[in-house]
$ cat start.cif   # mmCIF, C-alpha atoms
data_data
loop_
_atom_site.label_atom_id
_atom_site.label_comp_id
_atom_site.auth_asym_id
_atom_site.auth_seq_id
_atom_site.Cartn_x
_atom_site.Cartn_y
_atom_site.Cartn_z
CA MET A 781 15.61 -13.20 27.39
CA MET A 782 11.97 -13.18 26.32
CA SER A 783 9.91 -16.34 25.97
CA SER A 784 6.76 -16.89 23.91
CA PRO A 785 3.31 -17.30 25.53
CA PRO A 786 2.40 -20.84 26.65
CA ALA A 787 1.32 -22.99 23.71
CA THR A 788 -2.20 -24.36 23.54
CA PRO A 789 -2.58 -28.12 23.00
CA ASP A 790 -3.33 -27.67 19.30
CA ALA A 791 -0.74 -24.98 18.61
CA PRO A 792 2.41 -26.03 16.71
CA PRO A 793 5.64 -26.36 18.68
CA GLN A 794 7.60 -23.14 18.25
CA PRO A 795 11.08 -22.02 19.25
CA PRO A 796 10.88 -18.96 21.52
CA ALA A 797 10.58 -15.64 19.70
CA ARG A 798 13.11 -13.28 21.22
CA PHE A 799 15.47 -10.43 20.59
CA HIS A 800 19.08 -10.81 19.77
CA PRO A 801 20.75 -9.80 23.07
CA GLN A 802 21.84 -6.41 21.74
CA TYR A 803 18.28 -5.53 20.70
CA LYS A 804 16.39 -5.96 23.97
CA PHE A 805 13.94 -3.26 24.89
CA VAL A 806 15.17 -0.35 26.94
CA SER A 807 12.36 1.66 28.48
CA ASP A 808 12.39 5.39 29.13
CA ASP A 809 14.00 4.83 32.53
CA LYS A 810 16.71 2.69 30.83
CA SER A 811 15.53 -0.59 32.32
CA GLU A 812 15.00 -3.67 30.16
CA GLU A 813 11.43 -4.78 29.56
CA GLU A 814 9.82 -7.72 27.80
CA PHE A 815 6.97 -7.73 25.33
CA GLY A 816 3.51 -8.31 26.67
CA SER A 817 1.29 -11.25 25.74
CA ILE A 818 -1.95 -11.39 23.81
CA ASP A 819 -3.36 -13.05 26.94
CA ASP A 820 -2.87 -9.76 28.83
CA GLU A 821 -5.57 -7.13 28.90
CA PRO A 822 -5.16 -4.56 26.06
CA SER A 823 -3.24 -1.41 26.98
CA VAL A 824 -3.27 0.42 23.60
CA ASP A 825 -6.01 1.04 21.06
CA LEU A 826 -4.24 -0.25 17.97
CA SER A 827 -1.28 -2.55 17.28
CA ILE A 828 0.26 -2.64 13.81
CA ILE A 829 2.25 -5.79 13.04
CA VAL A 830 4.78 -5.35 10.21
CA PRO A 831 6.52 -8.57 9.07
CA SER A 832 9.89 -7.66 7.60
CA TYR A 833 12.51 -9.79 5.87
CA ASN A 834 15.43 -7.88 4.34
CA GLU A 835 13.33 -4.71 4.12
CA GLU A 836 15.91 -2.01 4.90
CA THR A 837 15.05 -0.21 1.65
CA ARG A 838 11.24 -0.42 1.54
CA LEU A 839 10.49 -0.29 5.28
CA PRO A 840 11.28 3.44 5.82
CA ILE A 841 8.79 4.49 3.14
CA MET A 842 6.04 2.40 4.74
CA LEU A 843 6.87 3.59 8.27
CA ASP A 844 6.96 7.25 7.26
CA GLU A 845 3.44 7.04 5.82
CA THR A 846 2.14 4.92 8.70
CA LEU A 847 3.57 7.01 11.52
CA GLU A 848 2.55 10.29 9.89
CA TYR A 849 -1.04 9.02 9.83
CA LEU A 850 -0.90 7.65 13.38
CA GLU A 851 0.64 10.81 14.86
CA LYS A 852 -1.97 12.98 13.14
CA ARG A 853 -4.73 10.74 14.45
CA LYS A 854 -3.24 10.90 17.94
CA ARG A 855 -3.28 14.72 17.81
CA ASN A 856 -6.88 14.79 16.59
CA THR A 857 -8.19 12.03 18.87
CA PRO A 858 -7.44 12.59 22.56
CA GLY A 859 -6.57 9.35 24.30
CA PHE A 860 -5.72 7.41 21.13
CA VAL A 861 -2.71 5.14 21.79
CA TYR A 862 -0.95 2.93 19.25
CA GLU A 863 2.08 0.70 18.82
CA VAL A 864 3.96 -0.50 15.77
CA ILE A 865 5.70 -3.87 16.08
CA ILE A 866 8.30 -4.49 13.39
CA VAL A 867 9.03 -8.21 13.28
CA ASP A 868 12.44 -8.77 11.71
CA ASP A 869 12.10 -12.30 10.35
CA GLY A 870 15.78 -13.28 10.50
CA SER A 871 16.95 -10.62 8.04
CA THR A 872 20.54 -10.54 6.83
CA ASP A 873 20.49 -6.80 6.13
CA ASN A 874 19.92 -3.77 8.39
CA THR A 875 16.16 -4.19 8.87
CA THR A 876 16.45 -4.28 12.66
CA GLN A 877 18.67 -1.19 12.74
CA VAL A 878 16.20 0.68 10.53
CA GLY A 879 13.36 -0.26 12.86
CA LEU A 880 15.32 0.75 15.95
CA SER A 881 16.02 4.16 14.43
CA TYR A 882 12.25 4.78 14.39
CA SER A 883 11.99 3.48 17.92
CA GLU A 884 14.56 6.06 19.00
CA LYS A 885 12.73 8.82 17.14
CA PHE A 886 9.18 8.04 18.31
CA GLY A 887 9.87 6.20 21.56
CA CYS A 888 9.91 2.51 22.39
CA ASP A 889 6.32 2.65 23.59
CA LYS A 890 5.17 3.50 20.05
CA VAL A 891 7.64 1.60 17.86
CA ARG A 892 9.10 -1.76 18.86
CA VAL A 893 11.34 -4.22 17.05
CA LEU A 894 11.07 -7.96 17.56
CA THR A 895 14.10 -9.63 15.99
CA LEU A 896 13.73 -13.36 15.37
CA GLU A 897 16.75 -15.63 15.42
CA CYS A 898 15.93 -17.26 12.09
CA ASN A 899 13.65 -16.88 9.09
CA TYR A 900 10.24 -18.40 9.90
CA GLY A 901 8.30 -17.08 6.92
CA LYS A 902 5.74 -14.30 6.71
CA GLY A 903 3.06 -16.25 8.55
CA GLY A 904 5.43 -17.15 11.37
CA ALA A 905 6.58 -13.55 11.75
CA ILE A 906 3.02 -12.19 11.88
CA ARG A 907 1.99 -14.89 14.33
CA LYS A 908 4.76 -13.97 16.76
CA GLY A 909 3.99 -10.26 16.45
CA MET A 910 0.30 -10.86 17.09
CA LEU A 911 0.98 -13.01 20.15
CA HIS A 912 3.04 -10.19 21.71
CA ALA A 913 0.80 -7.23 20.83
CA ARG A 914 -0.98 -4.95 23.30
CA GLY A 915 -3.75 -3.56 21.09
CA ARG A 916 -7.52 -3.69 21.43
CA ASN A 917 -7.49 -4.09 17.64
CA LEU A 918 -4.56 -5.58 15.72
CA LEU A 919 -3.63 -4.79 12.12
CA MET A 920 -1.25 -6.75 9.91
CA ALA A 921 0.37 -4.54 7.26
CA ASP A 922 3.08 -5.37 4.73
CA ALA A 923 6.45 -3.66 4.94
CA ASP A 924 6.34 -2.67 1.27
CA GLY A 925 3.58 -0.12 1.85
CA ALA A 926 1.52 -1.45 -1.07
CA SER A 927 -1.70 -0.68 0.80
CA GLN A 928 -2.67 2.91 1.53
CA PHE A 929 -2.47 3.06 5.31
CA SER A 930 -5.32 5.54 5.76
CA ASP A 931 -7.62 2.80 4.45
CA ILE A 932 -7.48 1.39 7.97
CA GLU A 933 -10.48 3.64 8.60
CA SER A 934 -12.47 1.56 6.10
CA LEU A 935 -11.35 -1.63 7.84
CA GLU A 936 -12.37 -0.20 11.21
CA GLN A 937 -15.80 0.74 9.87
CA GLY A 938 -16.22 -2.78 8.52
CA LEU A 939 -15.12 -4.27 11.84
CA SER A 940 -17.61 -2.19 13.80
CA LEU A 941 -20.47 -3.46 11.60
CA ILE A 942 -19.75 -7.15 12.29
CA ASN A 943 -18.31 -7.10 15.82
CA LEU A 944 -21.69 -7.67 17.43
CA LYS A 945 -21.21 -10.98 19.27
CA LYS A 946 -20.53 -11.25 22.99
CA HIS A 947 -17.23 -13.04 22.36
CA GLY A 948 -15.98 -9.91 20.57
CA MET A 949 -14.28 -11.74 17.69
CA ALA A 950 -14.23 -10.29 14.17
CA VAL A 951 -11.94 -9.88 11.16
CA SER A 952 -11.97 -7.06 8.59
CA ILE A 953 -10.15 -8.06 5.39
CA GLY A 954 -8.59 -5.61 2.99
CA SER A 955 -9.46 -6.62 -0.56
CA ARG A 956 -8.04 -5.88 -4.02
CA ALA A 957 -10.79 -7.81 -5.80
CA HIS A 958 -12.18 -4.57 -7.26
CA LEU A 959 -8.79 -4.03 -8.98
CA GLN A 960 -8.66 -7.49 -10.54
CA GLU A 961 -9.84 -6.55 -14.03
CA ALA A 962 -7.13 -3.90 -14.42
CA ALA A 963 -4.50 -6.24 -12.96
CA ILE A 964 -5.35 -9.01 -15.42
CA ALA A 965 -4.79 -6.61 -18.32
CA GLN A 966 -1.23 -6.01 -17.07
CA ARG A 967 -0.31 -9.64 -16.29
CA SER A 968 1.16 -12.19 -18.66
CA PHE A 969 -1.06 -15.04 -19.81
CA LEU A 970 0.89 -17.53 -17.64
CA ARG A 971 0.55 -15.42 -14.49
CA THR A 972 -3.16 -14.97 -15.14
CA ILE A 973 -3.64 -18.75 -15.47
CA LEU A 974 -1.64 -19.35 -12.27
CA MET A 975 -3.69 -16.72 -10.44
CA TYR A 976 -7.00 -18.31 -11.44
CA GLY A 977 -5.63 -21.75 -10.56
CA PHE A 978 -4.63 -20.56 -7.10
CA HIS A 979 -8.01 -18.94 -6.48
CA MET A 980 -9.71 -22.18 -7.47
CA LEU A 981 -7.52 -24.18 -5.07
CA VAL A 982 -8.28 -21.74 -2.25
CA TYR A 983 -12.00 -22.10 -2.92
CA ILE A 984 -11.87 -25.90 -3.02
CA MET A 985 -9.43 -26.47 -0.16
CA CYS A 986 -9.99 -23.69 2.36
CA VAL A 987 -12.14 -20.58 2.05
CA GLN A 988 -15.30 -20.06 -0.01
CA GLY A 989 -16.56 -16.67 1.09
CA ILE A 990 -13.57 -14.38 0.53
CA LYS A 991 -12.53 -13.12 -2.92
CA ASP A 992 -9.04 -11.87 -1.97
CA THR A 993 -7.40 -13.97 0.73
CA GLN A 994 -3.85 -12.75 0.12
CA CYS A 995 -3.99 -8.98 0.68
CA GLY A 996 -1.60 -8.20 3.53
CA PHE A 997 -3.90 -5.63 5.16
CA LYS A 998 -6.22 -7.25 7.72
CA LEU A 999 -7.67 -5.99 11.00
CA PHE A 1000 -8.60 -8.20 13.96
CA THR A 1001 -10.26 -7.66 17.28
CA ARG A 1002 -8.01 -8.79 20.11
CA GLU A 1003 -10.20 -11.78 20.87
CA GLY A 1004 -10.29 -12.77 17.22
CA ALA A 1005 -6.51 -12.54 16.86
CA ARG A 1006 -5.96 -14.50 20.07
CA ARG A 1007 -8.22 -17.32 18.95
CA ILE A 1008 -6.82 -17.53 15.42
CA PHE A 1009 -3.09 -17.05 15.94
CA ARG A 1010 -2.79 -19.34 18.95
CA VAL A 1011 -3.69 -22.28 16.69
CA LEU A 1012 -2.18 -21.18 13.34
CA HIS A 1013 0.21 -23.72 11.82
CA VAL A 1014 1.27 -22.55 8.35
CA GLU A 1015 4.18 -20.09 8.42
CA GLY A 1016 4.70 -19.62 4.67
CA TRP A 1017 2.82 -17.57 2.07
CA ALA A 1018 -0.42 -19.58 2.40
CA PHE A 1019 -0.86 -18.70 6.08
CA ASP A 1020 -3.65 -16.24 5.14
CA CYS A 1021 -5.71 -19.15 3.85
CA GLU A 1022 -5.39 -21.18 7.04
CA MET A 1023 -6.05 -18.06 9.09
CA LEU A 1024 -9.34 -17.39 7.28
CA TYR A 1025 -10.17 -21.10 7.28
CA ILE A 1026 -9.88 -21.09 11.09
CA ALA A 1027 -12.10 -18.01 11.29
CA GLU A 1028 -14.65 -19.60 8.98
CA ARG A 1029 -14.65 -22.89 10.92
CA LEU A 1030 -15.22 -21.05 14.19
CA SER A 1031 -17.94 -18.82 12.69
CA ILE A 1032 -15.93 -15.70 13.45
CA PRO A 1033 -17.61 -12.81 11.58
CA MET A 1034 -15.59 -11.59 8.58
CA VAL A 1035 -16.09 -8.73 6.16
CA GLU A 1036 -14.20 -7.92 2.96
CA VAL A 1037 -13.43 -4.22 2.44
CA ALA A 1038 -12.07 -2.63 -0.73
CA VAL A 1039 -8.70 -0.89 -0.23
CA ASN A 1040 -6.31 1.06 -2.41
CA TRP A 1041 -3.27 -0.95 -3.48
CA GLN A 1042 -0.29 -0.55 -5.76
CA GLU A 1043 2.43 -2.89 -6.98
CA ILE A 1044 5.76 -2.20 -5.25
CA GLU A 1045 9.08 -3.45 -6.60
CA GLY A 1046 11.07 -5.87 -4.50
CA SER A 1047 8.44 -8.56 -3.85
CA LYS A 1048 9.79 -11.73 -2.20
CA ILE A 1049 7.29 -13.86 -4.13
CA VAL A 1050 8.89 -15.83 -6.98
CA PRO A 1051 6.33 -16.54 -9.73
CA PHE A 1052 5.48 -20.21 -10.19
CA TRP A 1053 7.72 -21.50 -7.37
CA SER A 1054 5.99 -19.46 -4.66
CA TRP A 1055 2.60 -20.44 -6.05
CA LEU A 1056 3.71 -24.09 -6.13
CA GLN A 1057 4.68 -23.80 -2.46
CA MET A 1058 1.32 -22.18 -1.65
CA ALA A 1059 -0.52 -24.97 -3.48
CA ARG A 1060 1.40 -27.52 -1.41
CA ASP A 1061 0.48 -25.66 1.79
CA LEU A 1062 -3.20 -25.50 0.78
CA LEU A 1063 -3.23 -29.25 0.29
CA SER A 1064 -1.48 -29.68 3.65
CA ILE A 1065 -4.09 -27.49 5.39
CA ARG A 1066 -6.93 -29.52 3.93
CA ILE A 1067 -5.41 -32.91 4.77
CA HIS A 1068 -4.38 -32.01 8.31
CA TYR A 1069 -7.81 -30.66 9.27
CA VAL A 1070 -9.81 -33.40 7.50
CA LEU A 1071 -7.74 -36.10 9.23
CA GLY A 1072 -8.00 -34.32 12.57
CA LEU A 1073 -4.23 -33.86 12.87
CA TRP A 1074 -4.78 -30.13 13.43
CA CYS A 1075 -7.59 -29.45 15.88
CA LEU A 1076 -9.65 -26.44 16.90
CA HIS A 1077 -11.29 -26.38 20.31
CA ASP A 1078 -14.54 -24.51 19.67
CA ASP A 1079 -15.46 -24.61 23.36
CA ILE A 1080 -12.67 -22.12 24.11
CA VAL A 1081 -14.65 -19.45 22.29
CA SER A 1082 -17.54 -19.52 24.75
CA THR A 1083 -15.23 -19.29 27.77
CA TRP A 1084 -13.53 -16.09 26.68
CA THR A 1085 -16.42 -13.88 27.60
CA THR A 1086 -15.89 -14.82 31.26
CA ARG A 1087 -12.12 -15.36 31.44
CA SER A 1088 -10.31 -13.47 34.17
CA PRO A 1089 -7.56 -10.95 33.38
CA HIS A 1090 -4.02 -12.28 33.15
CA SER A 1091 -2.71 -12.18 36.72
CA ASP A 1092 0.75 -10.89 35.89
CA SER A 1093 0.02 -8.62 32.92
CA ALA A 1094 3.01 -6.56 31.80
CA ASN A 1095 2.30 -3.13 30.34
CA THR A 1096 5.37 -3.02 28.15
#
$ encode --input "start.cif" --output "C-alpha cells"
Amino acid sequence: MMSSPPATPDAPPQPPARFHPQYKFVSDDKSEEEFGSIDDEPSVDLSIIVPSYNEETRLPIMLDETLEYLEKRKRNTPGFVYEVIIVDDGSTDNTTQVGLSYSEKFGCDKVRVLTLECNYGKGGAIRKGMLHARGRNLLMADADGASQFSDIESLEQGLSLINLKKHGMAVSIGSRAHLQEAAIAQRSFLRTILMYGFHMLVYIMCVQGIKDTQCGFKLFTREGARRIFRVLHVEGWAFDCEMLYIAERLSIPMVEVAVNWQEIEGSKIVPFWSWLQMARDLLSIRIHYVLGLWCLHDDIVSTWTTRSPHSDSANT
C-alpha cells in the first residue's frame, strides 16, 4: 500500500493517496511498484497530471490527442521520456478502468493511474499527482481536452524565458484571456456579471498579475511544483488562486501564455453555486494567510539549490 510523502509543517493534514488494492502498479516484470516522490531526483522529462472525476466518456478523447502528440515527439526527439498520471478522484464510473486500458496499451512506465479512495476535489487530485510525479517539468491538464495539447510547446518556451534563477523555480500559465471578448458575446448577462465579479475577487484577495487564473493548463519546473504543492491547502475549484498566490508570495517567476481553448460539454462546474464556493475559498485563502494560520517558509527556497538527492529514490 502506497503512502504519501512526509508532510511539511505548514502542509495540510492529508489521508494517504493510494490505489485501491486491485489497481496497484504491476511493472514489466510483473512485480508491484510504488509511485515515486517529488522529493526524488527527476527520471523523466515531462509529467502530465490529469485530474479525473467521472470522466470515462471525455478522458479517451483527451488521452488520444495527448499520447499521439507525445509519441510523435518521442520519435522525433531521441531521449525524450514522458509519463501521464491519471488521478481518479474517487470516481463512481469506469474512469480508472479507462485509464488502465491506456496503461496496458502504452506501458505502465508511460501511463499510470492513481486511484484515490474518495473525492478530494480537483485541487486535491492535482496536488497528489504532482507529489508523486517523476518529471523534470510537470504539466497539469484537464481531462476534458479543452486545451489544445500541442500548445505545451508555447508553455515550454515561456518557461525557458523565465527559468533563470539558481533555485530553478518557474510557472508557465496557459491563458484564455485573449478569447474573453468572444466568450462574453456568447455568455448570458448573469454569467458575464458573475465572471467579472469573480475576477475582481481574485484581484482583491489573491493574485494581481495574472489575467486568467483558472485555465487548467499550467506547466511547472520540478522545483516550482515541489515548493508550491507541498504547502497547498485548497482542494476545490479555487485551488489555482492559492497556487498562484503562493508563487507570487515566494517571488517564483510566472509567465502567462496564450493557448487555444474550446468549450467541452460535461463540465462539473455548476453556475452560481460553484462560483459561490470559489468566492468562499478566496475569502478563506485571504483570511488564513493574513492571520498567519497558513504559513510559507521562504527560507526553504534558498536551501533547495544545495539539497542532497533523496537517499532512497524509487525510479517507478
$ closest_residue --input "start.cif" --among "A:Arg1029, A:Lys998, A:Arg853, A:His1068" --to "A:Leu918" --atoms "only C-alpha atoms"
A:Lys998
$ residues_around --input "start.cif" --residues "A:Tyr849" --least-positions-apart "3" --cutoff "12 Å" --atoms "all atoms listed in the file" --output "ChimeraX atom specification"
/A:842-846,852-857,862,928-933
$ resolve_selection --input "start.cif" --expression "the PyMOL selection byres ((chain A and resi 1018-1025) around 8)" --output "short mmCIF file (atom, residue, chain, number, x, y, z; two decimals) with C-alpha atoms, in the coordinates of the input"
data_model
loop_
_atom_site.label_atom_id
_atom_site.label_comp_id
_atom_site.auth_asym_id
_atom_site.auth_seq_id
_atom_site.Cartn_x
_atom_site.Cartn_y
_atom_site.Cartn_z
CA LYS A 902 5.74 -14.30 6.71
CA GLY A 903 3.06 -16.25 8.55
CA VAL A 982 -8.28 -21.74 -2.25
CA CYS A 986 -9.99 -23.69 2.36
CA VAL A 987 -12.14 -20.58 2.05
CA THR A 993 -7.40 -13.97 0.73
CA GLN A 994 -3.85 -12.75 0.12
CA ILE A 1008 -6.82 -17.53 15.42
CA PHE A 1009 -3.09 -17.05 15.94
CA LEU A 1012 -2.18 -21.18 13.34
CA HIS A 1013 0.21 -23.72 11.82
CA VAL A 1014 1.27 -22.55 8.35
CA GLU A 1015 4.18 -20.09 8.42
CA GLY A 1016 4.70 -19.62 4.67
CA TRP A 1017 2.82 -17.57 2.07
CA ILE A 1026 -9.88 -21.09 11.09
CA ALA A 1027 -12.10 -18.01 11.29
CA GLU A 1028 -14.65 -19.60 8.98
CA ARG A 1029 -14.65 -22.89 10.92
CA MET A 1058 1.32 -22.18 -1.65
CA ALA A 1059 -0.52 -24.97 -3.48
CA ASP A 1061 0.48 -25.66 1.79
CA LEU A 1062 -3.20 -25.50 0.78
CA ILE A 1065 -4.09 -27.49 5.39
#
$ resolve_selection --input "start.cif" --expression "the PyMOL selection byres ((chain A and resi 940-942) around 9)" --output "short mmCIF file (atom, residue, chain, number, x, y, z; two decimals) with C-alpha atoms, in the frame of the given file"
data_model
loop_
_atom_site.label_atom_id
_atom_site.label_comp_id
_atom_site.auth_asym_id
_atom_site.auth_seq_id
_atom_site.Cartn_x
_atom_site.Cartn_y
_atom_site.Cartn_z
CA LEU A 935 -11.35 -1.63 7.84
CA GLU A 936 -12.37 -0.20 11.21
CA GLN A 937 -15.80 0.74 9.87
CA GLY A 938 -16.22 -2.78 8.52
CA LEU A 939 -15.12 -4.27 11.84
CA ASN A 943 -18.31 -7.10 15.82
CA LEU A 944 -21.69 -7.67 17.43
CA LYS A 945 -21.21 -10.98 19.27
CA MET A 949 -14.28 -11.74 17.69
CA ALA A 950 -14.23 -10.29 14.17
CA VAL A 951 -11.94 -9.88 11.16
CA SER A 952 -11.97 -7.06 8.59
CA PRO A 1033 -17.61 -12.81 11.58
CA MET A 1034 -15.59 -11.59 8.58
CA VAL A 1035 -16.09 -8.73 6.16
#
$ closest_residue --input "start.cif" --among "A:Ile906, A:Ile953, A:Cys898, A:Val867" --to "A:Gly989" --atoms "all atoms listed in the file"
A:Ile953
$ resolve_selection --input "start.cif" --expression "the PyMOL selection byres ((chain A and resi 833) around 6)" --output "JSON, numbers by chain"
{"A": [832, 834, 835, 868, 869, 871]}
$ atom_distance --input "start.cif" --atom1 "atom CA of A:Pro840" --atom2 "atom CA of A:Gly1004"
29.3 Å
$ closest_residue --input "start.cif" --among "A:Val1011, A:Leu839, A:Leu1073, A:Val1037" --to "A:Asp924" --atoms "all atoms listed in the file"
A:Leu839
$ atom_distance --input "start.cif" --atom1 "atom CA of A:Arg892" --atom2 "atom CA of A:Arg1010"
21.2 Å
$ atom_distance --input "start.cif" --atom1 "atom CA of A:Gln1057" --atom2 "atom CA of A:His979"
14.2 Å
$ decode --input "start.cif" --residues "stretch 826-846 of chain A" --atoms "C-alpha atoms" --output "CSV table (one decimal), in the first residue's frame"
chain,number,residue,atom,x,y,z
A,826,LEU,CA,7.8,15.6,-18.6
A,827,SER,CA,5.0,14.5,-16.3
A,828,ILE,CA,1.4,15.2,-17.3
A,829,ILE,CA,-1.1,15.2,-14.4
A,830,VAL,CA,-4.7,14.6,-15.4
A,831,PRO,CA,-7.3,15.1,-12.6
A,832,SER,CA,-10.3,12.9,-13.4
A,833,TYR,CA,-13.7,12.6,-11.7
A,834,ASN,CA,-16.3,10.5,-13.6
A,835,GLU,CA,-14.5,11.1,-16.9
A,836,GLU,CA,-15.0,7.7,-18.6
A,837,THR,CA,-16.6,9.5,-21.6
A,838,ARG,CA,-14.3,12.5,-22.1
A,839,LEU,CA,-11.0,11.1,-20.9
A,840,PRO,CA,-10.3,8.8,-24.0
A,841,ILE,CA,-10.6,11.8,-26.4
A,842,MET,CA,-8.1,13.8,-24.3
A,843,LEU,CA,-5.7,10.9,-23.9
A,844,ASP,CA,-5.8,10.0,-27.6
A,845,GLU,CA,-4.7,13.6,-28.6
A,846,THR,CA,-2.2,13.8,-25.8
